[in-house]
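Data from start39.cif: mmCIF, C-alpha atoms
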```cif
data_coords
loop_
_atom_site.label_atom_id
_atom_site.label_comp_id
_atom_site.auth_asym_id
_atom_site.auth_seq_id
_atom_site.Cartn_x
_atom_site.Cartn_y
_atom_site.Cartn_z
CA MET A 16 82.03 51.67 139.99
CA LYS A 17 79.86 54.45 141.37
CA TYR A 18 81.61 57.68 140.31
CA SER A 19 83.82 58.83 137.43
CA ILE A 20 85.41 62.24 137.94
CA ILE A 21 86.16 63.96 134.63
CA VAL A 22 88.52 66.94 134.49
CA PRO A 23 89.45 68.76 131.26
CA VAL A 24 92.82 70.50 131.53
CA PHE A 25 94.50 73.24 129.50
CA ASN A 26 97.94 74.45 130.64
CA ARG A 27 97.27 74.03 134.38
CA PRO A 28 99.61 71.37 135.82
CA ASP A 29 99.96 73.06 139.22
CA GLU A 30 96.21 73.31 139.73
CA VAL A 31 95.74 69.69 138.70
CA ASP A 32 98.27 68.72 141.35
CA GLU A 33 96.22 70.47 144.05
CA LEU A 34 92.99 68.89 142.82
CA LEU A 35 94.51 65.39 142.81
CA GLN A 36 95.89 65.95 146.30
CA SER A 37 92.38 66.72 147.52
CA LEU A 38 91.00 63.62 145.77
CA CYS A 39 93.52 61.47 147.62
CA LYS A 40 91.96 62.64 150.88
CA GLN A 41 88.38 61.70 150.00
CA GLN A 42 86.69 59.65 152.68
CA LEU A 43 84.74 57.72 150.05
CA LYS A 44 87.01 55.77 147.69
CA ASP A 45 84.68 54.29 145.07
CA PHE A 46 85.69 56.51 142.17
CA GLU A 47 88.00 56.86 139.21
CA VAL A 48 89.63 60.03 137.88
CA ILE A 49 89.83 60.84 134.18
CA ILE A 50 92.17 63.68 133.22
CA VAL A 51 91.76 64.91 129.64
CA GLU A 52 94.63 67.11 128.46
CA ASP A 53 93.11 69.43 125.85
CA GLY A 54 96.12 70.16 123.65
CA SER A 55 98.12 71.83 126.43
CA GLU A 56 101.64 73.13 125.88
CA ARG A 57 102.36 72.73 129.61
CA LYS A 58 101.21 69.16 130.13
CA CYS A 59 100.26 67.62 133.46
CA LYS A 60 101.33 64.06 132.58
CA ASP A 61 104.20 64.10 135.10
CA VAL A 62 101.84 65.37 137.78
CA CYS A 63 99.36 62.57 137.07
CA ASP A 64 102.11 59.95 137.15
CA LYS A 65 102.77 60.86 140.81
CA TYR A 66 99.27 59.67 141.73
CA ALA A 67 99.12 56.58 139.52
CA GLY A 68 99.54 54.21 142.46
CA ILE A 69 97.29 56.15 144.79
CA LEU A 70 94.24 56.97 142.66
CA ASP A 71 92.43 55.01 139.97
CA LEU A 72 93.70 57.61 137.52
CA HIS A 73 93.50 57.66 133.72
CA TYR A 74 95.32 60.31 131.70
CA TYR A 75 94.50 61.13 128.09
CA TYR A 76 96.01 63.67 125.71
CA LYS A 77 94.06 65.00 122.71
CA GLU A 78 94.19 67.90 120.29
CA ASN A 79 92.60 71.12 121.50
CA SER A 80 88.84 71.27 120.97
CA GLY A 81 87.55 73.12 124.02
CA PRO A 82 86.38 72.00 127.48
CA GLY A 83 83.01 70.62 126.38
CA GLN A 84 84.43 68.21 123.83
CA SER A 85 87.15 67.18 126.26
CA ARG A 86 84.50 66.27 128.84
CA ASN A 87 82.71 64.22 126.18
CA TYR A 88 86.00 62.49 125.38
CA GLY A 89 86.35 61.53 129.05
CA ALA A 90 82.71 60.47 129.38
CA GLU A 91 83.08 58.00 126.52
CA ARG A 92 85.87 56.30 128.48
CA ALA A 93 84.26 56.46 131.91
CA ARG A 94 82.94 53.43 133.80
CA GLY A 95 81.05 55.05 136.65
CA GLU A 96 77.30 55.11 137.19
CA TRP A 97 77.58 58.86 137.87
CA LEU A 98 79.83 61.26 135.98
CA ILE A 99 81.17 64.14 138.06
CA VAL A 100 82.49 67.02 135.98
CA LEU A 101 84.95 69.38 137.66
CA ASP A 102 87.08 72.30 136.52
CA SER A 103 90.81 71.88 136.98
CA ASP A 104 90.96 74.95 139.27
CA VAL A 105 88.85 73.50 142.08
CA VAL A 106 89.88 71.79 145.32
CA LEU A 107 87.58 69.37 147.15
CA PRO A 108 87.10 69.06 150.91
CA PRO A 109 87.60 65.48 152.23
CA SER A 110 83.87 64.96 152.76
CA TYR A 111 82.84 65.96 149.21
CA LEU A 112 82.10 62.51 147.76
CA GLU A 113 80.69 61.23 151.03
CA ASN A 114 78.21 64.11 151.06
CA VAL A 115 77.27 63.36 147.45
CA GLU A 116 76.79 59.69 148.26
CA CYS A 117 74.59 60.50 151.26
CA ARG A 118 72.27 62.66 149.15
CA VAL A 119 72.18 60.25 146.20
CA GLU A 120 71.35 57.27 148.41
CA SER A 121 68.73 59.11 150.49
CA GLY A 122 67.08 60.76 147.50
CA GLU A 123 66.90 64.11 149.31
CA PHE A 124 68.03 67.11 147.30
CA ALA A 125 67.65 70.83 147.74
CA THR A 126 65.71 72.87 145.22
CA ALA A 127 66.93 76.42 145.44
CA SER A 128 68.77 79.17 143.63
CA GLU A 129 71.24 78.98 140.81
CA GLU A 130 74.91 78.58 141.77
CA PRO A 131 74.91 79.27 145.52
CA THR A 132 78.01 79.66 147.62
CA VAL A 133 78.89 77.50 150.58
CA ALA A 134 77.39 80.19 152.81
CA VAL A 135 73.89 78.84 152.03
CA ALA A 136 74.69 75.28 153.03
CA ASN A 137 72.82 75.69 156.31
CA SER A 138 69.94 77.72 154.87
CA PRO A 139 66.42 76.28 154.94
CA LEU A 140 65.78 74.62 151.60
CA SER A 141 62.91 72.57 150.24
CA THR A 142 63.73 69.01 149.20
CA LEU A 143 62.59 66.61 146.53
CA HIS A 144 62.25 62.85 146.95
CA SER A 145 62.30 61.57 143.38
CA PRO A 146 64.81 60.09 140.96
CA LEU A 147 67.48 62.62 140.12
CA THR A 148 69.34 62.94 136.84
CA ALA A 149 71.80 65.75 137.47
CA TRP A 150 72.99 67.87 140.36
CA GLY A 151 75.29 70.75 141.06
CA GLY A 152 77.18 71.99 144.08
CA PRO A 153 78.23 75.39 145.44
CA ASP A 154 81.65 77.01 145.34
CA ALA A 155 83.55 79.20 147.76
CA ALA A 156 86.83 81.08 148.16
CA HIS A 157 89.45 79.30 150.24
CA PRO A 158 91.05 81.29 153.09
CA ASP A 159 94.45 80.74 151.42
CA PHE A 160 93.36 82.30 148.13
CA THR A 161 95.11 85.51 147.09
CA PRO A 162 93.35 88.85 147.68
CA VAL A 163 92.71 89.14 143.93
CA GLN A 164 91.07 85.69 143.86
CA LYS A 165 88.90 86.60 146.83
CA ALA A 166 87.90 89.89 145.18
CA ILE A 167 86.98 88.06 141.96
CA SER A 168 85.00 85.48 143.93
CA TYR A 169 83.13 88.32 145.65
CA SER A 170 82.30 90.02 142.35
CA MET A 171 80.91 86.77 140.93
CA THR A 172 78.59 86.08 143.88
CA SER A 173 77.61 89.43 145.37
CA PHE A 174 74.07 90.79 145.24
CA PHE A 175 75.54 94.14 144.12
CA THR A 176 77.17 92.65 141.01
CA THR A 177 75.19 89.64 139.82
CA GLY A 178 71.92 90.25 141.64
CA GLY A 179 72.76 87.32 143.86
CA ILE A 180 71.83 84.58 141.35
CA ARG A 181 75.37 83.20 141.48
CA GLY A 182 75.53 83.68 145.21
CA GLY A 183 72.41 81.78 146.10
CA LYS A 184 70.24 84.68 147.21
CA THR A 185 67.73 84.71 144.36
CA LYS A 186 65.18 81.92 144.16
CA LEU A 187 64.67 80.45 140.72
CA ASP A 188 62.15 77.89 139.55
CA LYS A 189 64.80 75.47 138.25
CA PHE A 190 68.38 74.67 139.13
CA PHE A 191 70.94 74.57 136.32
CA PRO A 192 74.23 72.91 137.31
CA ARG A 193 77.51 74.43 136.10
CA SER A 194 80.48 72.46 134.85
CA TYR A 195 82.91 73.51 137.57
CA ASN A 196 80.99 71.17 139.91
CA MET A 197 78.21 69.00 138.51
CA GLY A 198 77.15 65.37 138.42
CA ILE A 199 74.95 63.50 135.99
CA ARG A 200 73.92 59.90 135.40
CA ARG A 201 76.19 58.40 132.78
CA GLU A 202 73.40 56.95 130.60
CA VAL A 203 71.62 60.32 130.46
CA TYR A 204 74.86 62.12 129.59
CA LEU A 205 75.45 59.78 126.64
CA GLN A 206 71.79 59.83 125.60
CA LEU A 207 71.82 63.65 125.33
CA GLY A 208 75.15 63.70 123.50
CA GLY A 209 76.98 65.49 126.29
CA PHE A 210 78.26 69.02 125.83
CA SER A 211 77.84 70.90 122.57
CA LYS A 212 80.64 72.48 120.54
CA MET A 213 80.08 75.86 122.15
CA ARG A 214 83.37 77.09 123.63
CA PHE A 215 81.64 79.20 126.30
CA GLY A 216 78.26 78.69 127.91
CA GLU A 217 78.35 75.03 126.94
CA ASP A 218 77.57 73.95 130.49
CA ILE A 219 74.45 76.13 130.70
CA ASP A 220 73.38 74.84 127.28
CA PHE A 221 73.79 71.27 128.55
CA SER A 222 71.81 72.02 131.72
CA TYR A 223 69.02 73.57 129.65
CA ARG A 224 68.90 70.45 127.48
CA ILE A 225 68.78 68.19 130.54
CA VAL A 226 65.78 70.10 131.93
CA GLU A 227 64.08 70.40 128.52
CA ALA A 228 64.32 66.62 128.14
CA GLY A 229 62.22 66.25 131.30
CA HIS A 230 64.98 65.20 133.68
CA LYS A 231 65.25 66.40 137.26
CA THR A 232 68.13 68.58 138.44
CA ALA A 233 68.85 69.77 141.96
CA LEU A 234 71.33 71.38 144.29
CA ILE A 235 73.42 69.44 146.79
CA PRO A 236 74.42 72.29 149.11
CA ASP A 237 77.03 70.30 151.05
CA ALA A 238 78.80 69.09 147.87
CA TRP A 239 80.79 72.31 147.70
CA VAL A 240 84.25 73.02 146.31
CA TRP A 241 86.88 75.70 146.66
CA HIS A 242 86.97 77.46 143.30
CA LYS A 243 89.94 79.58 142.30
CA ARG A 244 88.29 81.13 139.25
CA ARG A 245 90.78 83.50 137.56
CA THR A 246 94.04 84.70 139.12
CA ASP A 247 94.24 88.17 137.56
CA PHE A 248 91.91 90.81 136.15
CA ARG A 249 93.01 90.35 132.53
CA LYS A 250 92.06 86.67 132.52
CA PHE A 251 88.91 87.47 134.47
CA PHE A 252 87.87 90.07 131.88
CA ARG A 253 88.27 87.53 129.07
CA GLN A 254 86.21 84.99 131.01
CA VAL A 255 83.25 87.29 131.67
CA TYR A 256 83.49 88.81 128.17
CA ASN A 257 83.01 85.35 126.69
CA SER A 258 80.16 84.71 129.12
CA GLY A 259 78.43 87.81 127.79
CA ILE A 260 78.86 86.55 124.24
CA ALA A 261 77.48 83.15 125.22
CA ARG A 262 74.28 84.58 126.70
CA ILE A 263 72.92 85.69 123.31
CA ASN A 264 73.91 82.35 121.78
CA LEU A 265 72.09 80.56 124.57
CA GLU A 266 68.95 82.61 123.98
CA LYS A 267 69.10 81.70 120.30
CA ARG A 268 69.40 78.01 121.15
CA HIS A 269 66.87 78.12 124.01
CA PRO A 270 64.32 80.93 123.42
CA GLY A 271 62.91 82.47 126.58
CA THR A 272 65.95 81.78 128.77
CA LEU A 273 67.17 85.40 128.64
CA LYS A 274 66.06 87.06 131.89
CA LEU A 275 66.09 90.67 133.08
CA VAL A 276 69.04 89.98 135.38
CA HIS A 277 71.14 89.01 132.33
CA LEU A 278 70.60 92.51 130.91
CA LEU A 279 71.81 94.38 134.00
CA PRO A 280 75.55 94.23 133.16
CA THR A 281 74.83 95.75 129.75
CA VAL A 282 72.76 98.55 131.30
CA PHE A 283 75.58 99.12 133.79
CA THR A 284 78.17 99.19 130.99
CA LEU A 285 76.21 101.72 128.94
CA GLY A 286 75.67 103.80 132.07
CA VAL A 287 79.40 103.83 132.87
CA ILE A 288 80.20 104.88 129.29
CA LEU A 289 77.61 107.67 129.36
CA LEU A 290 78.67 108.99 132.76
CA SER A 291 82.35 108.87 131.78
CA MET A 292 81.63 110.84 128.61
CA LEU A 293 79.67 113.46 130.56
CA ALA A 294 82.52 113.72 133.06
CA LEU A 295 84.99 114.29 130.22
CA VAL A 296 82.75 116.98 128.73
CA GLY A 297 82.63 118.63 132.15
CA VAL A 298 86.43 118.59 132.42
CA ALA A 299 86.70 120.03 128.90
CA LEU A 300 84.28 122.84 129.76
CA ALA A 301 86.18 123.64 132.96
CA LEU A 302 89.49 123.79 131.06
CA LEU A 303 87.92 125.95 128.35
CA GLY A 304 86.65 128.38 130.96
CA LEU A 305 90.05 128.42 132.65
CA PHE A 306 91.86 129.28 129.42
CA SER A 307 89.23 131.86 128.49
CA ALA A 308 89.68 133.61 131.83
CA SER A 309 92.99 135.04 130.63
CA GLU A 310 91.28 136.84 127.75
CA PRO A 311 90.11 140.42 128.45
CA GLY A 312 86.38 141.01 128.68
CA CYS A 313 85.43 137.33 129.07
CA ASN A 314 82.92 137.50 131.93
CA MET A 315 81.47 134.01 131.36
CA SER A 316 84.65 132.12 132.38
CA PRO A 317 83.71 131.58 136.07
CA VAL A 318 80.27 130.35 135.02
CA VAL A 319 81.74 127.92 132.47
CA ILE A 320 84.31 126.66 134.96
CA GLY A 321 81.69 126.14 137.66
CA PHE A 322 79.30 124.40 135.28
CA GLY A 323 82.05 122.09 134.01
CA LEU A 324 83.17 121.13 137.50
CA CYS A 325 79.59 120.54 138.59
CA MET A 326 78.92 118.33 135.57
CA THR A 327 82.05 116.30 136.28
CA LEU A 328 81.15 115.80 139.94
CA VAL A 329 77.52 114.86 139.24
CA SER A 330 78.63 112.40 136.54
CA LEU A 331 81.23 110.68 138.70
CA LEU A 332 79.18 110.65 141.91
CA PRO A 333 77.11 107.51 141.07
CA LEU A 334 80.28 105.60 140.18
CA LEU A 335 82.01 106.74 143.35
CA LEU A 336 79.03 105.79 145.51
CA TYR A 337 78.80 102.36 143.87
CA SER A 338 82.53 101.82 144.40
CA LEU A 339 82.16 102.78 148.06
CA LEU A 340 79.26 100.34 148.47
CA ILE A 341 81.28 97.51 146.93
CA CYS A 342 84.32 98.29 149.07
CA ILE A 343 82.37 98.37 152.33
CA ASP A 344 80.35 95.22 151.61
CA SER A 345 83.35 93.19 150.43
CA SER A 346 85.56 94.41 153.27
CA ILE A 347 82.98 93.23 155.82
CA LYS A 348 82.40 89.86 154.16
CA ASN A 349 86.10 89.16 153.58
CA ARG A 350 87.26 90.89 156.76
CA SER A 351 89.89 92.71 154.75
CA LEU A 352 90.01 96.31 153.56
CA TRP A 353 92.53 95.34 150.88
CA VAL A 354 90.18 92.73 149.43
CA GLY A 355 87.42 95.34 149.63
CA LEU A 356 89.48 97.80 147.59
CA LEU A 357 90.38 95.11 145.05
CA SER A 358 86.70 94.23 144.76
CA ILE A 359 86.06 97.62 143.12
CA PRO A 360 88.07 96.87 139.93
CA ALA A 361 86.83 93.25 140.11
CA ALA A 362 83.20 94.38 140.09
CA PHE A 363 83.73 96.84 137.23
CA THR A 364 85.67 94.19 135.29
CA GLN A 365 82.95 91.62 135.81
CA LEU A 366 80.05 93.87 134.80
CA ILE A 367 81.70 95.77 131.96
CA GLY A 368 83.37 92.66 130.53
CA TYR A 369 80.08 90.78 130.46
CA GLY A 370 78.23 93.83 129.12
CA LEU A 371 80.67 94.39 126.24
CA GLY A 372 80.53 90.72 125.27
CA PHE A 373 76.74 90.82 125.36
CA ILE A 374 76.66 93.93 123.15
CA GLU A 375 79.05 92.43 120.60
CA SER A 376 77.06 89.20 120.45
CA TRP A 377 73.74 91.07 120.14
CA TRP A 378 75.14 93.16 117.27
CA LYS A 379 76.54 90.20 115.34
CA ARG A 380 73.74 87.72 116.00
CA CYS A 381 70.62 89.92 116.18
CA VAL A 382 71.51 92.89 113.96
CA LEU A 383 73.87 91.40 111.38
CA GLY A 384 72.09 88.05 111.48
CA LYS A 385 75.19 85.86 111.67
CA ASP A 386 75.01 82.40 113.16
CA GLU A 387 77.28 81.53 116.08
CA PHE A 388 79.82 79.79 113.83
CA GLN A 389 80.18 82.83 111.55
CA ALA A 390 80.11 85.40 114.33
CA PHE A 391 82.56 83.78 116.73
CA GLU A 392 84.63 81.27 114.83
CA LYS A 393 87.87 82.53 116.37
CA ASN A 394 86.42 82.62 119.88
CA PHE A 395 84.43 79.41 119.93
CA TYR A 396 85.51 76.98 117.29
CA LYS A 397 88.68 75.65 115.68
#
```
When written as structure tokens, how does the structure in this file appear?
Amino acid sequence: MKYSIIVPVFNRPDEVDELLQSLCKQQLKDFEVIIVEDGSERKCKDVCDKYAGILDLHYYYKENSGPGQSRNYGAERARGEWLIVLDSDVVLPPSYLENVECRVESGEFATASEEPTVAVANSPLSTLHSPLTAWGGPDAAHPDFTPVQKAISYSMTSFFTTGGIRGGKTKLDKFFPRSYNMGIRREVYLQLGGFSKMRFGEDIDFSYRIVEAGHKTALIPDAWVWHKRRTDFRKFFRQVYNSGIARINLEKRHPGTLKLVHLLPTVFTLGVILLSMLALVGVALALLGLFSASEPGCNMSPVVIGFGLCMTLVSLLPLLLYSLLICIDSSIKNRSLWVGLLSIPAAFTQLIGYGLGFIESWWKRCVLGKDEFQAFEKNFYK
């Protein structure tokens, strides 16, 4: 068997149904599907049973241990030459596996930026012609996604939020596949021990270990998936917050991997906090001047009011201009003003969530000196 598709699942039966539907439509049929239920309360066993006679499908239930360990559980039971790891919230186009097969057989792979979107599939890319160990593919928002999902997808890939590294616009020297859409040779996966016990950032950690072991990784631009990401801002905040936490842990495990672009959300977060505080001081001064105006002989009230209002406006202006930039750019790209407006809270959620997680992790790991088990036992390990 050529391919084993491994999907860890936690309380997402509806999304698994959509993923399995898309797998039924694959033009290439030489694959098995391994669903690993990671201690879910809402199980997808009934959903999987519907496809038992259509797909070579294997369903396993285990106690909750996180996505990385669930992928390892599936890998140990896989039979394919290549292991393809997918998130449960992706949907595959019919040509997905055929495109993978074409690239694997030809030995031609793109070497480009980290985590591009499907928009770069036709971009000029260099290629390598050597044995490949692991690959990753792009993701994109489906036209049927909700406006919130499209706004979140924009915030995760835009140059104005992530610097473009997740959107394929920034060239990096190495490509690091992500677990929502990655493939790896089975023997290499088992040799490296698969994913670590990290609850978040475990896919980046694995990619770093693949590259550090001397294996080749690359991008297959036409092996793209539709990726739903999160469906509301609360869940999205938790996701990016944990990603911020993971970045410090990854630097501790792999020194030198922390780049300037990873610090930008923290700088943005501190800037938003500072500007918000200055705006509040300005409002307080304006109110103080207004109340003082009623007192006889207080000639400074107009000056205090004017200074307070000016401080408030100057403090809020950068945030308003940034919001306008996000709205215009997203509205054009998504052809929807509503998605553009929703992209404003999505962008602030993405940057501030990541920044706050980064700050917490830096404080606990770098200042207090805790290891990742002590610092984040509740978040990462059970």
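When the distance limit is 10 Å and all atoms listed in the file are what count, the residues near Leu98 in chain A, minus those fewer than 4 positions from it on the same chain, are Lys17, Tyr18, Ser19, Ile20, Ile21, Phe46, Glu47, Arg86, Gly89, Ala90, Ala93, Arg94, Ala149, Met197, Gly198, Ile199, Arg200, Arg201, Glu202, Val203 and Tyr204 of chain A.
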Can you tell me how far CA of Lys250 in chain A sits from CA of Arg57 in chain A, in Å to one decimal?
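Atom-to-atom, CA of Lys250 in chain A to CA of Arg57 in chain A, that is 17.6 Å.
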Per-residue nearest contacts range 206-311 of chain A to range 323-327 of chain A, cut-off 10 Å, using only C-alpha atoms, as a tab-separated table:
```
residue	atom	partner	partner_atom	distance
A:Leu290	CA	A:Thr327	CA	8.8
A:Ser291	CA	A:Thr327	CA	8.7
A:Met292	CA	A:Thr327	CA	9.4
A:Leu293	CA	A:Thr327	CA	6.8
A:Ala294	CA	A:Thr327	CA	4.2
A:Leu295	CA	A:Thr327	CA	7.0
A:Val296	CA	A:Gly323	CA	7.4
A:Gly297	CA	A:Gly323	CA	4.0
A:Val298	CA	A:Gly323	CA	5.8
A:Ala299	CA	A:Gly323	CA	7.2
A:Leu300	CA	A:Gly323	CA	4.9
A:Ala301	CA	A:Gly323	CA	4.5
A:Leu302	CA	A:Gly323	CA	8.2
A:Leu303	CA	A:Gly323	CA	9.0
A:Gly304	CA	A:Gly323	CA	8.4
```
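Taking all atoms listed in the file into account, Leu101 in chain A lies nearest to A:His242 out of the set A:His242, A:Arg224, A:Lys77, A:His230.
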What are the closest atom pairs, with distances in Å to one decimal, for each residue of range 205-314 of chain A lying within 10 Å of range 361-376 of chain A, using all atoms listed in the file, rows by chain and rising residue number, as a Markdown table?
```
| residue | atom | partner | partner_atom | distance |
| --- | --- | --- | --- | --- |
| A:Asp247 | CA | A:Ala361 | CA | 9.3 |
| A:Phe248 | CA | A:Ala361 | CA | 6.9 |
| A:Arg249 | CA | A:Thr364 | CA | 8.7 |
| A:Phe251 | CA | A:Gln365 | CA | 7.4 |
| A:Phe252 | CA | A:Gly368 | CA | 5.4 |
| A:Arg253 | CA | A:Gly368 | CA | 7.2 |
| A:Gln254 | CA | A:Gly368 | CA | 8.2 |
| A:Val255 | CA | A:Tyr369 | CA | 4.9 |
| A:Tyr256 | CA | A:Gly368 | CA | 4.5 |
| A:Asn257 | CA | A:Gly372 | CA | 6.1 |
| A:Ser258 | CA | A:Tyr369 | CA | 6.2 |
| A:Gly259 | CA | A:Phe373 | CA | 4.2 |
| A:Ile260 | CA | A:Gly372 | CA | 4.6 |
| A:Ala261 | CA | A:Phe373 | CA | 7.7 |
| A:Arg262 | CA | A:Phe373 | CA | 6.8 |
| A:Ile263 | CA | A:Ser376 | CA | 6.1 |
| A:Asn264 | CA | A:Ser376 | CA | 7.7 |
| A:His277 | CA | A:Phe373 | CA | 9.1 |
| A:Leu278 | CA | A:Gly370 | CA | 7.9 |
| A:Leu279 | CA | A:Gly370 | CA | 8.1 |
| A:Pro280 | CA | A:Leu366 | CA | 4.8 |
| A:Thr281 | CA | A:Gly370 | CA | 4.0 |
| A:Val282 | CA | A:Gly370 | CA | 7.5 |
| A:Phe283 | CA | A:Leu366 | CA | 7.0 |
| A:Thr284 | CA | A:Ile367 | CA | 5.0 |
| A:Leu285 | CA | A:Gly370 | CA | 8.1 |
| A:Val287 | CA | A:Ile367 | CA | 8.4 |
| A:Ile288 | CA | A:Ile367 | CA | 9.6 |
```
Give me the residues near Gly209 in chain A as a ChimeraX atom specification, where near means some atom within 10 Å (using all atoms listed in the file) and where sequence neighbours in that chain fewer than 2 positions away do not count.
/A:83-84,86-88,90-91,201,203-207,211-212,217-218,221-222,224-225
From the list A:Leu305, A:Met171, A:Leu289, A:Ala238, the nearest residue to Phe322 in chain A using only C-alpha atoms is A:Leu305
Between CA of Leu147 in chain A and CA of Glu227 in chain A, what is the spacing in Å?
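Calculated distance between CA of Glu227 in chain A and CA of Leu147 in chain A is 14.4 Å.
With distances taken over all atoms listed in the file, A:Arg244 is the one residue among A:Arg244, A:Val100, A:Gln42, A:Cys63 lying closest to Gln164 in chain A.
Distance check against Gly81 in chain A using only C-alpha atoms: of A:Gln41, A:Ser351, A:Ser55, A:Ser170, the minimum falls on A:Ser55.
Considering the residues A:Phe25, A:Tyr223, A:Tyr169, A:Phe174 and counting only C-alpha atoms, Glu56 in chain A has its shortest atom-to-atom contact with A:Phe25.
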Edge lengths and centre in Å to one decimal, as AutoDock Vina command-line options, is what I'm after for the box along x, y and z that holds all listed atoms of range 190-198 of chain A once 6 Å is added on each side.
```
--center_x 75.6 --center_y 70.0 --center_z 137.4 --size_x 26.5 --size_y 21.3 --size_z 17.1
```
Excluding Thr246 in chain A and any residue of its chain fewer than 6 positions from it, enumerate the residues within 10 Å of it, using all atoms listed in the file, and give them as JSON, numbers by chain.
{"A": [160, 161, 162, 163, 164, 165, 167]}
Length of the CA of Cys39 in chain A to CA of Ser121 in chain A vector [Å]
25.1 Å
Could you name the residues that touch Ile359 in chain A at 7 Å or less, counting all atoms listed in the file, but leaving out those on the same chain fewer than 4 positions away, as a PyMOL selection string?
chain A and resi 338+341-342+363
I'd like to know which of A:Pro153, A:Pro28, A:Pro82, A:Gly384 is closest to Phe210 in chain A, using only C-alpha atoms.
A:Pro82
Taking N, CA and C atoms as the atom set, what does range 23-41 of chain A look like once completed, written as a PDB file, keeping the file's coordinate frame?
```
ATOM      1  N   PRO A  23      88.704  68.260 132.415  1.00  0.00           N
ATOM      2  CA  PRO A  23      89.450  68.760 131.260  1.00  0.00           C
ATOM      3  C   PRO A  23      90.527  69.728 131.720  1.00  0.00           C
ATOM      4  N   VAL A  24      91.689  69.685 131.073  1.00  0.00           N
ATOM      5  CA  VAL A  24      92.820  70.500 131.530  1.00  0.00           C
ATOM      6  C   VAL A  24      93.451  71.211 130.329  1.00  0.00           C
ATOM      7  N   PHE A  25      93.780  72.478 130.538  1.00  0.00           N
ATOM      8  CA  PHE A  25      94.500  73.240 129.500  1.00  0.00           C
ATOM      9  C   PHE A  25      95.548  74.110 130.181  1.00  0.00           C
ATOM     10  N   ASN A  26      96.799  73.682 130.122  1.00  0.00           N
ATOM     11  CA  ASN A  26      97.940  74.450 130.640  1.00  0.00           C
ATOM     12  C   ASN A  26      97.826  74.771 132.132  1.00  0.00           C
ATOM     13  N   ARG A  27      97.419  73.789 132.945  1.00  0.00           N
ATOM     14  CA  ARG A  27      97.270  74.030 134.380  1.00  0.00           C
ATOM     15  C   ARG A  27      97.826  72.877 135.214  1.00  0.00           C
ATOM     16  N   PRO A  28      99.073  72.504 135.056  1.00  0.00           N
ATOM     17  CA  PRO A  28      99.610  71.370 135.820  1.00  0.00           C
ATOM     18  C   PRO A  28      99.610  71.588 137.319  1.00  0.00           C
ATOM     19  N   ASP A  29      99.907  72.801 137.769  1.00  0.00           N
ATOM     20  CA  ASP A  29      99.960  73.060 139.220  1.00  0.00           C
ATOM     21  C   ASP A  29      98.584  72.914 139.862  1.00  0.00           C
ATOM     22  N   GLU A  30      97.559  73.410 139.178  1.00  0.00           N
ATOM     23  CA  GLU A  30      96.210  73.310 139.730  1.00  0.00           C
ATOM     24  C   GLU A  30      95.726  71.868 139.737  1.00  0.00           C
ATOM     25  N   VAL A  31      96.102  71.100 138.720  1.00  0.00           N
ATOM     26  CA  VAL A  31      95.740  69.690 138.700  1.00  0.00           C
ATOM     27  C   VAL A  31      96.368  68.959 139.877  1.00  0.00           C
ATOM     28  N   ASP A  32      97.591  69.320 140.215  1.00  0.00           N
ATOM     29  CA  ASP A  32      98.270  68.720 141.350  1.00  0.00           C
ATOM     30  C   ASP A  32      97.479  68.946 142.636  1.00  0.00           C
ATOM     31  N   GLU A  33      97.004  70.164 142.850  1.00  0.00           N
ATOM     32  CA  GLU A  33      96.220  70.470 144.050  1.00  0.00           C
ATOM     33  C   GLU A  33      94.903  69.714 144.062  1.00  0.00           C
ATOM     34  N   LEU A  34      94.256  69.617 142.899  1.00  0.00           N
ATOM     35  CA  LEU A  34      92.990  68.890 142.820  1.00  0.00           C
ATOM     36  C   LEU A  34      93.208  67.409 143.138  1.00  0.00           C
ATOM     37  N   LEU A  35      94.243  66.807 142.566  1.00  0.00           N
ATOM     38  CA  LEU A  35      94.510  65.390 142.810  1.00  0.00           C
ATOM     39  C   LEU A  35      94.883  65.140 144.267  1.00  0.00           C
ATOM     40  N   GLN A  36      95.592  66.076 144.860  1.00  0.00           N
ATOM     41  CA  GLN A  36      95.890  65.950 146.300  1.00  0.00           C
ATOM     42  C   GLN A  36      94.608  65.868 147.114  1.00  0.00           C
ATOM     43  N   SER A  37      93.645  66.726 146.782  1.00  0.00           N
ATOM     44  CA  SER A  37      92.380  66.720 147.520  1.00  0.00           C
ATOM     45  C   SER A  37      91.583  65.444 147.261  1.00  0.00           C
ATOM     46  N   LEU A  38      91.707  64.867 146.071  1.00  0.00           N
ATOM     47  CA  LEU A  38      91.000  63.620 145.770  1.00  0.00           C
ATOM     48  C   LEU A  38      91.594  62.447 146.551  1.00  0.00           C
ATOM     49  N   CYS A  39      92.889  62.509 146.820  1.00  0.00           N
ATOM     50  CA  CYS A  39      93.520  61.470 147.620  1.00  0.00           C
ATOM     51  C   CYS A  39      92.964  61.432 149.046  1.00  0.00           C
ATOM     52  N   LYS A  40      92.437  62.541 149.507  1.00  0.00           N
ATOM     53  CA  LYS A  40      91.960  62.640 150.880  1.00  0.00           C
ATOM     54  C   LYS A  40      90.465  62.361 151.015  1.00  0.00           C
ATOM     55  N   GLN A  41      89.823  61.961 149.925  1.00  0.00           N
ATOM     56  CA  GLN A  41      88.380  61.700 150.000  1.00  0.00           C
ATOM     57  C   GLN A  41      88.083  60.532 150.920  1.00  0.00           C
TER      58      GLN A  41
END
```
